[in-house]
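As stored in structure-v4.txt (compact mmCIF, C-alpha atoms):
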# COMPACT_ATOMS: atom_id res chain seq x y z
CA MET W 83 -18.47 20.54 -4.07
CA THR W 84 -19.01 20.56 -7.83
CA ASP W 85 -17.12 18.25 -10.14
CA SER W 86 -14.72 20.78 -11.62
CA PHE W 87 -11.41 20.46 -13.43
CA ASP W 88 -9.38 22.69 -11.12
CA PHE W 89 -8.17 20.07 -8.64
CA ILE W 90 -8.33 16.79 -10.59
CA PRO W 91 -6.51 17.57 -13.87
CA VAL W 92 -6.71 13.96 -15.12
CA TYR W 93 -8.25 12.62 -18.30
CA CYS W 94 -8.58 9.17 -19.82
CA LEU W 95 -9.16 7.36 -23.10
CA SER W 96 -10.48 3.80 -22.90
CA LEU W 97 -10.73 1.23 -25.66
CA ASN W 98 -12.41 -1.82 -24.15
CA HIS W 99 -14.55 -4.88 -24.74
CA ARG W 100 -17.83 -3.00 -24.18
CA ARG W 101 -17.60 -1.26 -27.54
CA ALA W 102 -14.65 -2.77 -29.43
CA ASN W 103 -14.28 -6.41 -30.42
CA GLU W 104 -10.93 -8.20 -30.38
CA ASN W 105 -10.14 -7.22 -33.98
CA ILE W 106 -10.36 -3.53 -33.05
CA ARG W 107 -8.69 -3.89 -29.66
CA LYS W 108 -5.64 -5.61 -31.14
CA LEU W 109 -4.96 -2.60 -33.39
CA PHE W 110 -4.39 -0.34 -30.40
CA ALA W 111 -2.97 -2.81 -27.87
CA PHE W 112 0.35 -1.74 -26.34
CA SER W 113 3.24 -4.03 -25.47
CA ASP W 114 5.34 -3.16 -22.42
CA LYS W 115 7.98 -1.65 -24.68
CA GLU W 116 5.37 0.43 -26.51
CA CYS W 117 3.95 1.68 -23.19
CA ASP W 118 7.37 3.01 -22.24
CA LEU W 119 8.16 4.55 -25.63
CA PHE W 120 4.76 6.23 -25.99
CA SER W 121 4.90 7.54 -22.41
CA GLU W 122 8.36 9.03 -22.90
CA ASN W 123 7.18 10.88 -25.99
CA LEU W 124 3.96 12.13 -24.40
CA LEU W 125 5.70 13.52 -21.31
CA GLN W 126 7.14 16.26 -23.51
CA SER W 127 3.69 17.89 -23.38
CA GLN W 128 2.04 16.39 -20.26
CA THR W 129 3.07 15.89 -16.63
CA GLY W 130 2.09 12.25 -16.14
CA ILE W 131 0.84 9.12 -17.90
CA VAL W 132 -0.10 5.55 -17.03
CA VAL W 133 -0.96 3.09 -19.82
CA VAL W 134 -2.96 -0.02 -18.95
CA SER W 135 -3.06 -2.68 -21.67
CA THR W 136 -4.77 -6.06 -21.12
CA CYS W 137 -6.60 -8.55 -23.31
CA ASN W 138 -9.90 -6.68 -22.81
CA ARG W 139 -8.80 -3.05 -22.74
CA THR W 140 -6.15 -0.45 -23.43
CA GLU W 141 -6.47 2.72 -21.36
CA TRP W 142 -4.43 5.91 -21.25
CA PHE W 143 -4.60 7.96 -18.02
CA ILE W 144 -3.05 11.40 -18.43
CA SER W 145 -2.30 14.15 -15.92
CA CYS W 146 -1.90 17.70 -17.21
CA ALA W 147 -1.33 19.61 -13.98
CA ASN W 148 1.01 22.11 -15.61
CA ASN W 149 -1.38 23.00 -18.40
CA GLU W 150 -3.89 25.83 -18.32
CA ILE W 151 -7.08 23.79 -17.99
CA LYS W 152 -8.61 25.13 -14.80
CA ASN W 153 -12.36 25.43 -15.23
CA ASN W 154 -11.90 25.03 -18.97
CA PRO W 155 -13.54 21.84 -20.27
CA ASP W 156 -12.92 22.92 -23.88
CA SER W 157 -9.17 22.82 -23.26
CA MET W 158 -9.48 19.30 -21.83
CA GLN W 159 -11.45 18.16 -24.87
CA ASN W 160 -8.74 19.54 -27.13
CA MET W 161 -6.16 17.51 -25.22
CA LEU W 162 -8.26 14.37 -25.59
CA SER W 163 -8.44 14.97 -29.33
CA GLU W 164 -4.67 15.46 -29.52
CA LEU W 165 -4.12 12.29 -27.51
CA GLU W 166 -6.29 10.30 -29.92
CA CYS W 167 -4.21 11.59 -32.84
CA LYS W 168 -0.94 10.70 -31.11
CA ILE W 169 -2.12 7.17 -30.29
CA ALA W 170 -3.35 6.59 -33.85
CA THR W 171 -0.10 7.92 -35.33
CA PHE W 172 1.97 5.79 -32.92
CA LYS W 173 0.09 2.64 -33.98
CA GLY W 174 -0.14 3.61 -37.65
CA GLU W 175 -3.95 3.53 -37.65
CA ASP W 176 -6.72 5.92 -38.72
CA VAL W 177 -7.70 8.20 -35.83
CA SER W 178 -11.36 8.04 -36.89
CA LEU W 179 -11.33 4.31 -36.10
CA LEU W 180 -10.07 4.97 -32.58
CA ARG W 181 -12.65 7.72 -32.04
CA LYS W 182 -15.44 5.44 -33.21
CA TYR W 183 -14.77 2.85 -30.51
CA CYS W 184 -13.06 4.81 -27.72
CA PHE W 185 -14.60 6.18 -24.52
CA SER W 186 -13.24 9.43 -23.06
CA TYR W 187 -13.42 10.75 -19.49
CA CYS W 188 -12.37 14.05 -17.91
CA GLY W 189 -11.67 15.16 -14.35
CA ILE W 190 -13.69 13.36 -11.69
CA ASP W 191 -15.30 11.13 -14.35
CA ALA W 192 -11.84 9.82 -15.33
CA VAL W 193 -11.08 9.03 -11.69
CA ARG W 194 -14.46 7.35 -11.16
CA HIS W 195 -13.82 5.24 -14.26
CA LEU W 196 -10.40 4.17 -12.93
CA PHE W 197 -11.95 3.18 -9.60
CA SER W 198 -14.55 1.08 -11.43
CA VAL W 199 -11.97 -0.61 -13.65
CA ALA W 200 -9.63 -1.43 -10.77
CA SER W 201 -12.56 -2.89 -8.81
CA GLY W 202 -13.59 -5.22 -11.65
CA LEU W 203 -16.87 -3.38 -12.32
CA GLU W 204 -15.90 -2.78 -15.96
CA SER W 205 -14.50 -6.26 -16.57
CA MET W 206 -16.05 -8.80 -18.92
CA ILE W 207 -16.37 -11.03 -15.85
CA LEU W 208 -17.78 -8.79 -13.12
CA GLY W 209 -15.54 -8.58 -10.07
CA GLU W 210 -12.69 -10.61 -11.54
CA ASN W 211 -9.48 -10.35 -9.54
CA GLN W 212 -6.81 -10.12 -12.24
CA ILE W 213 -7.53 -6.54 -13.26
CA LEU W 214 -6.48 -5.19 -9.86
CA GLY W 215 -3.04 -6.73 -10.26
CA GLN W 216 -2.80 -5.48 -13.83
CA ILE W 217 -3.69 -1.92 -12.78
CA ARG W 218 -1.19 -2.09 -9.92
CA ASP W 219 1.59 -3.42 -12.17
CA SER W 220 0.94 -0.80 -14.86
CA TYR W 221 1.01 2.00 -12.29
CA GLN W 222 4.16 0.70 -10.57
CA SER W 223 5.95 0.39 -13.90
CA ALA W 224 4.99 3.94 -14.89
CA LYS W 225 6.07 5.27 -11.50
CA GLU W 226 9.43 3.47 -11.62
CA HIS W 227 10.08 4.97 -15.04
CA GLY W 228 9.26 8.47 -13.79
CA PHE W 229 6.08 8.78 -15.84
CA THR W 230 3.73 9.73 -12.98
CA ASP W 231 3.21 12.98 -11.06
CA PHE W 232 1.55 13.90 -7.78
CA PHE W 233 -1.99 13.70 -9.14
CA LEU W 234 -1.61 10.29 -10.79
CA ASN W 235 0.15 8.93 -7.70
CA VAL W 236 -2.69 9.99 -5.41
CA VAL W 237 -5.42 8.89 -7.83
CA PHE W 238 -3.94 5.42 -8.43
CA HIS W 239 -3.24 4.84 -4.73
CA LYS W 240 -6.87 5.67 -3.98
CA ALA W 241 -8.06 3.42 -6.82
CA LEU W 242 -6.14 0.46 -5.41
CA THR W 243 -7.48 1.16 -1.91
CA CYS W 244 -11.03 1.40 -3.26
CA ALA W 245 -10.69 -1.87 -5.18
CA LYS W 246 -9.40 -3.70 -2.11
CA ARG W 247 -12.35 -2.44 -0.05
CA ILE W 248 -14.83 -3.62 -2.68
CA LYS W 249 -13.24 -7.05 -2.81
CA THR W 250 -13.37 -7.29 0.99
CA GLU W 251 -16.77 -5.73 1.70
CA THR W 252 -18.92 -7.02 -1.19
CA ASN W 253 -19.70 -10.35 -2.81
CA LEU W 254 -18.19 -9.38 -6.16
CA SER W 255 -14.99 -11.31 -5.55
CA LYS W 256 -16.52 -14.08 -3.52
CA THR W 257 -16.51 -17.23 -5.69
CA THR W 258 -15.81 -15.03 -8.69
CA GLU W 259 -14.81 -16.38 -12.06
CA SER W 260 -11.94 -15.17 -14.21
CA VAL W 261 -10.74 -15.82 -17.72
CA ALA W 262 -8.24 -18.26 -16.20
CA THR W 263 -10.84 -20.26 -14.25
CA LEU W 264 -13.27 -20.27 -17.19
CA THR W 265 -10.49 -21.57 -19.44
CA VAL W 266 -9.77 -24.46 -17.10
CA LYS W 267 -13.48 -25.23 -16.77
CA GLU W 268 -13.82 -25.35 -20.55
CA LEU W 269 -10.86 -27.73 -20.80
CA MET W 270 -12.05 -30.02 -18.02
CA LYS W 271 -15.61 -30.39 -19.28
CA ARG W 272 -14.33 -31.90 -22.53
CA GLU W 273 -13.30 -35.49 -22.94
CA ASN W 274 -9.68 -36.52 -23.36
CA MET W 275 -8.15 -33.15 -22.48
CA ARG W 276 -5.20 -34.70 -20.71
CA ASN W 277 -2.14 -33.14 -22.36
CA ILE W 278 -2.17 -29.35 -22.40
CA LEU W 279 0.38 -26.82 -23.62
CA VAL W 280 0.23 -23.41 -21.92
CA ILE W 281 2.24 -20.72 -23.70
CA GLY W 282 2.97 -17.71 -21.52
CA ALA W 283 3.03 -19.41 -18.12
CA SER W 284 5.05 -16.53 -16.67
CA GLY W 285 2.18 -14.07 -17.17
CA GLN W 286 -0.60 -13.46 -14.69
CA THR W 287 -3.29 -15.35 -16.63
CA GLY W 288 -1.01 -18.16 -17.80
CA SER W 289 0.40 -18.81 -14.34
CA LEU W 290 -3.10 -19.09 -12.84
CA ILE W 291 -4.12 -21.58 -15.53
CA VAL W 292 -1.01 -23.72 -14.98
CA LYS W 293 -1.49 -23.72 -11.21
CA ASP W 294 -5.15 -24.74 -11.55
CA LEU W 295 -4.38 -27.49 -14.08
CA SER W 296 -1.58 -28.85 -11.90
CA GLU W 297 -4.18 -29.73 -9.26
CA ARG W 298 -6.31 -31.77 -11.67
CA GLU W 299 -6.04 -35.54 -11.85
CA ASN W 300 -4.59 -37.22 -14.95
CA VAL W 301 -3.53 -33.94 -16.55
CA HIS W 302 -0.05 -33.25 -17.90
CA VAL W 303 0.97 -29.64 -18.61
CA TRP W 304 3.80 -28.24 -20.69
CA ALA W 305 4.47 -24.66 -19.61
CA THR W 306 6.59 -22.14 -21.50
CA MET W 307 7.89 -18.99 -19.83
CA ARG W 308 10.25 -16.07 -20.19
CA GLN W 309 13.90 -16.92 -19.63
CA HIS W 310 14.30 -14.59 -16.63
CA TYR W 311 11.17 -15.92 -14.89
CA THR W 312 11.21 -19.00 -12.68
CA LEU W 313 7.95 -20.94 -12.45
CA PRO W 314 7.52 -22.72 -9.10
CA ASP W 315 7.75 -26.50 -9.26
CA LEU W 316 4.23 -27.88 -9.56
CA PRO W 317 2.96 -31.46 -9.83
CA ASN W 318 2.25 -32.67 -13.37
CA VAL W 319 3.86 -29.54 -14.90
CA GLU W 320 6.83 -29.83 -17.24
CA LYS W 321 8.64 -26.56 -17.96
CA ILE W 322 9.94 -26.20 -21.50
CA PRO W 323 11.71 -23.38 -23.35
CA TYR W 324 9.44 -21.11 -25.37
CA ASP W 325 11.27 -22.03 -28.59
CA GLU W 326 10.24 -25.68 -28.13
CA ARG W 327 6.49 -24.98 -28.14
CA TYR W 328 5.89 -26.60 -31.54
CA SER W 329 7.66 -29.79 -30.47
CA VAL W 330 4.78 -30.81 -28.16
CA ILE W 331 1.76 -29.65 -30.20
CA ASP W 332 1.28 -33.06 -31.84
CA ALA W 333 1.03 -34.73 -28.43
CA ALA W 334 -1.15 -31.93 -27.00
CA ASP W 335 -4.94 -32.19 -26.74
CA ALA W 336 -5.20 -28.44 -26.12
CA VAL W 337 -3.06 -25.35 -26.55
CA VAL W 338 -3.68 -22.24 -24.43
CA SER W 339 -1.77 -19.06 -25.22
CA ALA W 340 -1.70 -15.89 -23.12
CA THR W 341 1.31 -13.73 -23.94
CA LYS W 342 1.81 -10.03 -24.73
CA SER W 343 3.49 -10.69 -28.06
CA PRO W 344 2.75 -8.08 -30.75
CA HIS W 345 2.45 -10.80 -33.43
CA TYR W 346 1.34 -14.41 -33.92
CA ILE W 347 3.41 -16.94 -31.98
CA VAL W 348 1.42 -19.96 -33.21
CA ASN W 349 1.18 -20.00 -36.99
CA ALA W 350 -1.24 -22.24 -38.89
CA SER W 351 1.37 -23.46 -41.37
CA ASP W 352 3.79 -24.42 -38.59
CA VAL W 353 1.04 -26.22 -36.66
CA ALA W 354 0.04 -28.14 -39.80
CA SER W 355 3.64 -29.20 -40.36
CA VAL W 356 4.10 -30.73 -36.87
CA ILE W 357 0.72 -32.46 -36.49
CA LYS W 358 1.05 -36.17 -37.23
CA THR W 359 -1.69 -37.59 -35.01
CA LYS W 360 -5.31 -37.17 -36.04
CA LYS W 361 -7.40 -36.26 -32.98
CA PRO W 362 -9.57 -33.37 -31.74
CA ARG W 363 -7.52 -30.37 -30.58
CA LEU W 364 -8.70 -27.24 -28.84
CA PHE W 365 -6.79 -23.97 -29.17
CA ILE W 366 -7.67 -21.15 -26.75
CA ASP W 367 -6.24 -17.70 -27.49
CA LEU W 368 -6.43 -15.33 -24.52
CA ALA W 369 -4.20 -12.62 -25.97
CA ILE W 370 -4.80 -9.22 -27.52
CA PRO W 371 -3.31 -8.89 -30.10
CA PRO W 372 -3.98 -12.57 -30.85
CA ASP W 373 -1.25 -15.12 -30.28
CA ILE W 374 -2.77 -17.80 -32.52
CA ASP W 375 -3.22 -17.53 -36.28
CA LYS W 376 -6.93 -17.80 -37.09
CA GLY W 377 -5.97 -20.17 -39.90
CA VAL W 378 -5.50 -22.84 -37.22
CA SER W 379 -9.29 -23.21 -37.07
CA SER W 380 -9.34 -24.50 -40.65
CA LEU W 381 -7.11 -27.45 -39.82
CA GLU W 382 -8.77 -30.84 -39.53
CA CYS W 383 -10.27 -31.69 -36.11
CA THR W 384 -9.16 -28.35 -34.70
CA GLU W 385 -11.25 -25.76 -32.82
CA LEU W 386 -10.14 -22.23 -31.93
CA LYS W 387 -11.69 -20.04 -29.25
CA SER W 388 -10.69 -16.40 -28.63
CA ILE W 389 -11.01 -14.12 -25.62
CA ASP W 390 -14.37 -12.72 -26.79
CA TRP W 391 -15.90 -16.20 -26.69
CA PHE W 392 -16.02 -15.87 -22.90
CA SER W 393 -18.42 -12.91 -23.01
CA ALA W 394 -21.56 -15.10 -23.15
CA VAL W 395 -20.39 -17.15 -20.19
CA ALA W 396 -19.55 -13.96 -18.30
CA ALA W 397 -23.03 -12.49 -18.84
CA GLU W 398 -24.64 -15.33 -16.89
CA HIS W 399 -22.11 -14.94 -14.10
CA ASN W 400 -22.57 -11.16 -13.91
CA ALA W 401 -26.34 -11.41 -13.41
CA GLN W 402 -25.70 -13.02 -10.02
CA LYS W 403 -23.60 -10.08 -8.78
CA GLN W 404 -26.03 -7.16 -8.95
CA GLN W 405 -26.28 -6.56 -5.19
CA GLY W 406 -22.50 -6.42 -4.94
CA THR W 407 -22.47 -3.86 -7.75
CA ILE W 408 -24.77 -1.56 -5.78
CA GLN W 409 -22.58 -1.86 -2.68
CA ALA W 410 -19.47 -1.22 -4.78
CA GLY W 411 -21.02 1.97 -6.12
CA GLU W 412 -21.43 3.30 -2.59
CA ILE W 413 -17.83 2.47 -1.72
CA ILE W 414 -16.64 4.29 -4.85
CA LYS W 415 -18.61 7.39 -3.78
CA GLU W 416 -16.95 7.30 -0.35
CA GLU W 417 -13.46 6.88 -1.79
CA LEU W 418 -14.02 9.65 -4.35
CA ASP W 419 -15.06 11.98 -1.55
CA SER W 420 -11.93 11.02 0.39
CA LEU W 421 -9.80 11.73 -2.68
CA LYS W 422 -11.39 15.15 -3.19
CA LYS W 423 -10.67 16.13 0.40
CA GLU W 424 -7.05 15.03 0.10
CA LEU W 425 -6.55 17.06 -3.08
CA ILE W 426 -8.30 20.11 -1.62
CA PHE W 427 -5.99 20.06 1.40
CA HIS W 428 -2.97 19.57 -0.86
CA LYS W 429 -3.94 22.63 -2.88
CA ASP W 430 -4.10 24.75 0.31
CA VAL W 431 -1.21 23.22 2.24
CA GLN W 432 0.68 26.52 2.50
CA PHE W 433 -2.49 28.37 3.48
CA LEU W 434 -3.18 25.83 6.24
CA SER W 435 0.31 26.34 7.59
CA ASP W 436 -0.18 30.12 7.62
CA LEU W 437 -3.62 29.72 9.22
CA LYS W 438 -2.15 27.57 11.99
CA ASP W 439 0.29 30.36 12.84
CA LYS W 440 -2.51 32.94 12.94
CA LEU W 441 -4.71 30.78 15.19
CA GLU W 442 -1.96 29.54 17.47
CA LYS W 443 -3.30 31.44 20.51
CA LYS W 444 -7.00 30.72 19.89
CA ASN W 445 -8.87 27.76 21.31
CA SER W 446 -11.31 25.67 19.26
CA LEU W 447 -14.39 27.54 20.50
CA GLN W 448 -12.89 30.91 19.59
CA PHE W 449 -12.06 29.52 16.17
CA LEU W 450 -15.68 28.46 15.62
CA TYR W 451 -16.93 31.91 16.54
CA GLU W 452 -14.42 33.40 14.09
CA LEU W 453 -15.76 31.11 11.38
CA ARG W 454 -19.31 32.26 12.13
CA LYS W 455 -18.35 35.84 11.29
CA PHE W 456 -17.28 35.00 7.76
CA ALA W 457 -19.56 32.10 6.88
CA THR W 458 -23.07 32.15 5.43
CA ALA W 459 -25.95 30.63 7.37
CA ASP W 460 -25.81 27.48 5.22
CA GLU W 461 -22.07 27.17 5.77
CA VAL W 462 -22.49 27.60 9.54
CA GLU W 463 -25.18 24.90 9.54
CA MET W 464 -22.83 22.56 7.70
CA ILE W 465 -19.94 23.30 10.10
CA MET W 466 -22.13 22.65 13.15
CA SER W 467 -23.39 19.42 11.60
CA VAL W 468 -19.80 18.23 11.23
CA CYS W 469 -19.05 19.26 14.83
CA HIS W 470 -22.03 17.23 16.05
CA ARG W 471 -20.79 14.15 14.16
CA MET W 472 -17.31 14.56 15.62
CA PHE W 473 -18.77 15.01 19.12
CA ASN W 474 -20.87 11.84 18.79
CA LYS W 475 -17.88 9.84 17.60
CA CYS W 476 -15.82 11.06 20.53
CA ASN W 477 -18.56 10.01 22.95
CA LYS W 478 -18.52 6.55 21.39
CA GLY W 479 -14.76 6.36 21.79
CA GLU W 480 -14.15 6.20 18.04
Can you present the structure in this file as structure tokens?
Amino acid sequence: MTDSFDFIPVYCLSLNHRRANENIRKLFAFSDKECDLFSENLLQSQTGIVVVSTCNRTEWFISCANNEIKNNPDSMQNMLSELECKIATFKGEDVSLLRKYCFSYCGIDAVRHLFSVASGLESMILGENQILGQIRDSYQSAKEHGFTDFFLNVVFHKALTCAKRIKTETNLSKTTESVATLTVKELMKRENMRNILVIGASGQTGSLIVKDLSERENVHVWATMRQHYTLPDLPNVEKIPYDERYSVIDAADAVVSATKSPHYIVNASDVASVIKTKKPRLFIDLAIPPDIDKGVSSLECTELKSIDWFSAVAAEHNAQKQQGTIQAGEIIKEELDSLKKELIFHKDVQFLSDLKDKLEKKNSLQFLYELRKFATADEVEMIMSVCHRMFNKCNKGE
């Protein structure tokens, strides 16, 4: 089977850490509200959309099943170009900037890319676990809002299944690191990091950091969260309202921020006004767009690290996971093949029903002889090979 456009009418744009630094990524990052608004607008011309926006990537997966793109790659490329223009216009940025840093994928390549992303193969930290949850949450949100169609539903379900297999059957997620664990390691290797403010404790990354810190000795954590979210009671963790974040910065040895705010939530001037105690302070910004004003780094005794700082640490970690990457590649091939078969059968579901009626009085051997009449020699050889595999499996009781 060739990789054609006729049964996987899905395409993707990806702006990620491999090509774009945090300054570029923040320009095209989508908040939850922006994901919904952009998707609603785009569905006027497409049949489905899922937007995935994390600290390391923003990706737009589009289904165009109702458009005339069968066996027409040029039409797909035109749609990609239009999508780039719509994204740039939506964010008020120059489309040439997006095109300079964006990757694009069509058909089976878009699906293969999604499988790789969901499995952590495209992450800054190879095999990290958080991306699977982020992909799942983005898809579920899009589905609940009515933004997905049959093709995106099947593709994302298969991507999640593939990612779970890779995490179970390879070493990629065994003793894996994540941005959350690396953040805690960085805090704990420094002296006198005993009082830590975590802004965004209700998010996936923030909650992992708070949980990890709560298990450390002689560490006190202030955790802010959304009003509608309840953080479980944890030892050494004090929950405070988000609006009171500045009130504890003077006492804090470190501030970690990981929200999805579209603007700064920690401003340099406000930090300067509340600091009374002179001591070393570490600020770690895990958000895209950034949560922390870069001017904070100019304050006395203050150090600021951003999400891209972790890339060097991740490179060392990734080198130890090469065998798992090879195994993951094989699993992706298997799951892609399974997806193709499912879509092929879906395309011919009415035909299969009609065929069943025609063959109702024939046994399996008669059916094979009928196939021989219409098939080429190569096709007959392939059919018999499949029959042999099925026969062997039956003998083994599988």
* To do: Go ahead and compute the interatomic distance for atom CA of W:Gly285 and atom CA of W:Tyr187, in Å to one decimal.
  =>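 A separation of 29.4 Å between them.
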* Can you work out which one of W:Lys173, W:Lys415, W:Lys225, W:Arg100 has the shortest atom-to-atom distance to W:Val193, counting all atoms listed in the file? => W:Lys415
* **Residue contacts of stretch 103-114 of chain W (7 Å, only C-alpha atoms) excluding same-chain residues fewer than 2 positions away, as a list in words** =>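 Those residues are Leu97, Asn98, His99, Arg101, Glu116, Cys117, Asp118, Ser135, Arg139, Thr140, Lys173, Lys342, Pro344, Ile370, Pro371 and Asp390 of chain W.
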Take the selection from the previous step and output its residues with C-alpha atoms, as a PDB file, in the frame of the given file.
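Once everything was written out, this is result_6.pdb:
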ATOM      1  CA  LEU W  97     -10.730   1.230 -25.660  1.00  0.00           C
ATOM      2  CA  ASN W  98     -12.410  -1.820 -24.150  1.00  0.00           C
ATOM      3  CA  HIS W  99     -14.550  -4.880 -24.740  1.00  0.00           C
ATOM      4  CA  ARG W 101     -17.600  -1.260 -27.540  1.00  0.00           C
ATOM      5  CA  GLU W 116       5.370   0.430 -26.510  1.00  0.00           C
ATOM      6  CA  CYS W 117       3.950   1.680 -23.190  1.00  0.00           C
ATOM      7  CA  ASP W 118       7.370   3.010 -22.240  1.00  0.00           C
ATOM      8  CA  SER W 135      -3.060  -2.680 -21.670  1.00  0.00           C
ATOM      9  CA  ARG W 139      -8.800  -3.050 -22.740  1.00  0.00           C
ATOM     10  CA  THR W 140      -6.150  -0.450 -23.430  1.00  0.00           C
ATOM     11  CA  LYS W 173       0.090   2.640 -33.980  1.00  0.00           C
ATOM     12  CA  LYS W 342       1.810 -10.030 -24.730  1.00  0.00           C
ATOM     13  CA  PRO W 344       2.750  -8.080 -30.750  1.00  0.00           C
ATOM     14  CA  ILE W 370      -4.800  -9.220 -27.520  1.00  0.00           C
ATOM     15  CA  PRO W 371      -3.310  -8.890 -30.100  1.00  0.00           C
ATOM     16  CA  ASP W 390     -14.370 -12.720 -26.790  1.00  0.00           C
TER      17      ASP W 390
END
* Asked: Closest to W:Tyr221 among W:Glu424, W:Glu141, W:Glu416, W:Asp176, using all atoms listed in the file?
  ->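 Among W:Glu424, W:Glu141, W:Glu416, W:Asp176, it is W:Glu141 that comes nearest to W:Tyr221.
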* Please provide as number ranges by chain all residues within 12 Å of stretch 292-309 of chain W, with the sequence filter that same-chain residues fewer than 6 positions apart are discarded (counting all atoms listed in the file). => W: 262-270, 273-286, 315-331, 333-343
* Near W:Glu166, counting all atoms listed in the file, which residues have an atom at most 8 Å away, once you skip same-chain residues fewer than 2 positions from it, shown as a PyMOL selection string? -> chain W and resi 95+162-164+168-170+177+180-181
* Asked: Of the candidates W:Thr384, W:Ser205, W:Ser379, W:Gln159, which shows the shortest atom-to-atom distance to W:Leu254, using all atoms listed in the file?
  ->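 Ranked by minimum distance to W:Leu254, first place goes to W:Ser205.
Nearest residue to W:Pro372 among W:Gln126, W:Thr136, W:Ser145, W:Asn400 is W:Thr136, counting all atoms listed in the file.
Here atom CA of W:Ile207 stands at a distance of 6.7 Å from atom CA of W:Glu259.
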Is it possible to get the residues within 9 Å of (-12.0, -13.7, -9.5) (coordinates as in the file, counting all atoms listed in the file) written as a compact mmCIF listing (two decimals) with C-alpha atoms, in the coordinates of the input?
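This is the output file out_24.txt:
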# COMPACT_ATOMS: atom_id res chain seq x y z
CA GLY W 202 -13.59 -5.22 -11.65
CA ILE W 207 -16.37 -11.03 -15.85
CA LEU W 208 -17.78 -8.79 -13.12
CA GLY W 209 -15.54 -8.58 -10.07
CA GLU W 210 -12.69 -10.61 -11.54
CA ASN W 211 -9.48 -10.35 -9.54
CA GLN W 212 -6.81 -10.12 -12.24
CA LEU W 254 -18.19 -9.38 -6.16
CA SER W 255 -14.99 -11.31 -5.55
CA LYS W 256 -16.52 -14.08 -3.52
CA THR W 257 -16.51 -17.23 -5.69
CA THR W 258 -15.81 -15.03 -8.69
CA GLU W 259 -14.81 -16.38 -12.06
CA SER W 260 -11.94 -15.17 -14.21
CA VAL W 261 -10.74 -15.82 -17.72
CA ALA W 262 -8.24 -18.26 -16.20
CA THR W 263 -10.84 -20.26 -14.25
* Asked: Pick the closest to W:Ser198 from W:Glu463, W:Asp156, W:Glu226, W:Glu412: which is it, counting all atoms listed in the file?
  ->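 Between W:Glu463, W:Asp156, W:Glu226, W:Glu412, the residue approaching W:Ser198 most closely is W:Glu412.
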Considering all atoms listed in the file, return as a PDB file with C-alpha atoms, in the coordinates of the input whatever protein or nucleic-acid residues lie within 6 Å of W:Gly189, sequence-local ones (same chain, fewer than 6 positions apart) excluded.
ATOM      1  CA  PHE W  87     -11.410  20.460 -13.430  1.00  0.00           C
ATOM      2  CA  ILE W  90      -8.330  16.790 -10.590  1.00  0.00           C
ATOM      3  CA  PRO W  91      -6.510  17.570 -13.870  1.00  0.00           C
ATOM      4  CA  VAL W  92      -6.710  13.960 -15.120  1.00  0.00           C
ATOM      5  CA  TYR W  93      -8.250  12.620 -18.300  1.00  0.00           C
TER       6      TYR W  93
END
* **Nearest candidate to W:Asn138 (options W:Asn123, W:Ser467, W:Ser393, W:Thr407; using all atoms listed in the file)** => W:Ser393
* To do: Go ahead and compute the interatomic distance for atom CA of W:Lys246 and atom CA of W:Val468, in Å to one decimal.
  =>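 According to the coordinates, atom CA of W:Lys246 and atom CA of W:Val468 are separated by 27.7 Å.
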Coords for stretch 179-199 of chain W, C-alpha atoms, as a CSV table (one decimal), in the first residue's frame:
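New file result.csv:
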chain,number,residue,atom,x,y,z
W,179,LEU,CA,8.3,34.1,10.6
W,180,LEU,CA,6.0,31.1,11.1
W,181,ARG,CA,7.1,29.5,7.8
W,182,LYS,CA,10.7,29.9,8.7
W,183,TYR,CA,10.5,27.8,11.9
W,184,CYS,CA,7.5,25.6,11.3
W,185,PHE,CA,7.5,21.9,10.2
W,186,SER,CA,4.6,20.7,8.0
W,187,TYR,CA,3.3,17.1,7.4
W,188,CYS,CA,0.7,15.6,5.1
W,189,GLY,CA,-1.3,12.4,5.1
W,190,ILE,CA,0.6,9.4,6.6
W,191,ASP,CA,3.5,11.6,7.5
W,192,ALA,CA,1.2,13.8,9.7
W,193,VAL,CA,0.0,10.7,11.5
W,194,ARG,CA,3.5,9.3,12.0
W,195,HIS,CA,4.5,12.6,13.4
W,196,LEU,CA,1.6,12.5,15.9
W,197,PHE,CA,2.5,9.0,17.0
W,198,SER,CA,6.1,10.1,17.6
W,199,VAL,CA,5.0,13.2,19.6
